[in-house]
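Written below as structure tokens is the structure these notes are about.
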Amino acid sequence: TDSGNNEVLIDLVAGWASGGASTFCSQPIDTVLTRKQAGSALKQSTRSLVGNYGFSSLWRGSSAMIGAIPFQNGMLMAGYGIGKRFSEEHRPDQVLLGAFIGGCTGGLVQSFLMSPVELIKVNQQVAGKSLSSAATLVSTNILSKNVGWKGLEATLLRDGIPHGIWFASYEYCKGSLEKMDRFDAKENSSFITLFSGAMAATAAWGVGYPFDIIKTRIQASSEAKGVAQATMEIIQESKGRALPALYKGFSLKLAKAVPQSAINFFVYESVAKRMRGNNE
């Protein structure tokens with residue numbers, strides 16, 4: 001239907017805008033985190049990067065991400081919106097399930113966009129390559145599993161179920177706050193959206209973070225590695241302590257992901273309301 005197509009368009013445009021805004025704001029933390037995940041010492045690595053290339057180097061890799069993430073976020077928001085609306089129309093008692101399935105589907109689909117894009121970003125942030133050099137390396141080897149699609153399996157694991165959890169957690173938290181007597185849903189809509197987005201990121205990354213660190217290790221390596229091999233290497237480096245190994249840098253990831261998610265949902269909801277002509 002036309003209304004359904006309009007809603008998908010709204011999700012895509014609002015997702016594009018929120019993806020660009022949240023990525024730009026969180027990029028410096030992402031640069032530091034990526035270098036830490038790849039094995040660099042946090043303080044030394046950051047000082048060296050800023051000292052050699054200036055403060056703007058903290059946005060290294062942002063060109064590839066800001067160019068791609070709006071489209072990636074549009075895909076995610078469209079999947080979330082379709083799943084949520086389907087549930088609201090056909091299974092109103094299972095809206096969380098619809099958001100979860102829509103998020104998982106969108107997450108898996110966008111992995112095929114983000115895997116090569118993040119490979120470009122990692123080459124810039126860890127190996128110090130220029131954007132053109134990193135992009136050329138990936139694009140000229142796009143048919144090679146060990147080059148152009150390096151880290152795809154870990155990306156699929158990171159972006160599938162965790163994105164379902166992200167959207168379902170957002171819906172659950174938002175719905176719970178809106179039903180609380182102490183909150184006026186309209187008057188506190190901005191707070192509810194920001195807080196729910198922050199909580200959703202915490203839940204999603206609690207599940208997906210180990211695959212993010214595995215993906216970065218695979219993409220930063222000069223050798224071809226699979227998920228199992230990279231996982232074992234990471235655990236061995238921590239003397240067999242799996243949990244500390246696979247959650248190394250987790251607090252830094254949350255420092256990036258929590259405000260990024262809050263901004264993401266806030267901008268998404270704001271742009272979507274404006275496009276629907278709903279300024280309540």
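Letters for chains follow the order of the structure tokens (A, B, ...), residue numbers begin at 1 for each chain, and ligand numbers begin at 1 in the order shown.
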
Contacts of Ala154 of chain A within 7 Å, only C-alpha atoms, excl. fewer than 6 positions in-chain, as JSON, numbers by chain
{"A": [211, 214, 215, 227]}

Counting only C-alpha atoms, which of A:Gln94, A:Thr202, A:Ser87, A:Thr231 gets nearest to Ser251 of chain A?
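Using only C-alpha atoms, Ser251 of chain A sits closest to A:Thr202.
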
Please provide as a PyMOL selection string all residues within 8 Å of Asn264 of chain A, with the sequence filter that same-chain residues fewer than 4 positions apart are discarded (counting only C-alpha atoms).
chain A and resi 15+18-19+21-22+197+260+268

Could you dump the residues just selected with N, CA and C atoms as a short mmCIF file (atom, residue, chain, number, x, y, z; two decimals), in the first residue's frame?
```cif
data_model
loop_
_atom_site.label_atom_id
_atom_site.label_comp_id
_atom_site.auth_asym_id
_atom_site.auth_seq_id
_atom_site.Cartn_x
_atom_site.Cartn_y
_atom_site.Cartn_z
N GLY A 15 16.41 7.09 9.43
CA GLY A 15 17.57 6.26 9.77
C GLY A 15 18.85 6.80 9.18
N SER A 18 19.81 9.88 11.35
CA SER A 18 20.27 9.53 12.70
C SER A 18 21.60 8.79 12.66
N GLY A 19 21.82 8.00 11.61
CA GLY A 19 23.09 7.29 11.47
C GLY A 19 24.26 8.24 11.28
N ALA A 21 24.42 11.51 12.15
CA ALA A 21 24.62 12.33 13.35
C ALA A 21 25.32 11.54 14.46
N SER A 22 24.85 10.32 14.72
CA SER A 22 25.41 9.54 15.82
C SER A 22 26.83 9.07 15.53
N GLY A 197 17.20 4.46 24.34
CA GLY A 197 18.27 4.20 23.38
C GLY A 197 19.56 3.80 24.06
N GLN A 260 25.86 7.08 21.41
CA GLN A 260 25.57 6.94 19.98
C GLN A 260 24.15 6.40 19.77
N TYR A 268 16.28 9.77 14.99
CA TYR A 268 15.35 8.96 14.20
C TYR A 268 13.90 9.32 14.53
#
```

Record the distance separating atom CA of Leu157 of chain A and atom CA of Thr136 of chain A, expressed in Å with one decimal.
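For atom CA of Leu157 of chain A relative to atom CA of Thr136 of chain A, the distance reads 26.1 Å.
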
So which one's closest to Ser26 of chain A, A:Ser222, A:Ser261, A:Ser139, A:Ser111? Using only C-alpha atoms, please.
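Smallest separation from Ser26 of chain A among the options: A:Ser261.
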
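Considering only C-alpha atoms, the residue among A:Val138, A:Tyr170, A:Ile234, A:Asp212 positioned nearest to Gln124 of chain A is A:Val138.
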
When you count only C-alpha atoms, which of these residues is closest to Ala198 of chain A: A:Ser132, A:Thr140, A:Ser169, A:Gln125?
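Closest residue, counting only C-alpha atoms: A:Ser169.
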
Which is closest to Ala220 of chain A among A:Met77, A:Met114, A:Ile120, A:Cys25, if we use only C-alpha atoms?
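Result for the nearest residue to Ala220 of chain A: A:Ile120.
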
Leu119 of chain A surroundings by only C-alpha atoms, 8 Å radius, close-in-sequence under 6 positions cut, as a count of residues only:
5

Do a neighbour search on Ala272 of chain A at 7 Å with only C-alpha atoms, toss out local chain neighbours closer than 5 positions, and write the hits as a PyMOL selection string.
chain A and resi 10-11+14

Using the chain letters and numbers from this document, which residues of segment 70-240 of chain A does DSSP assign to alpha helix (DSSP H), as a count of residues only?
131
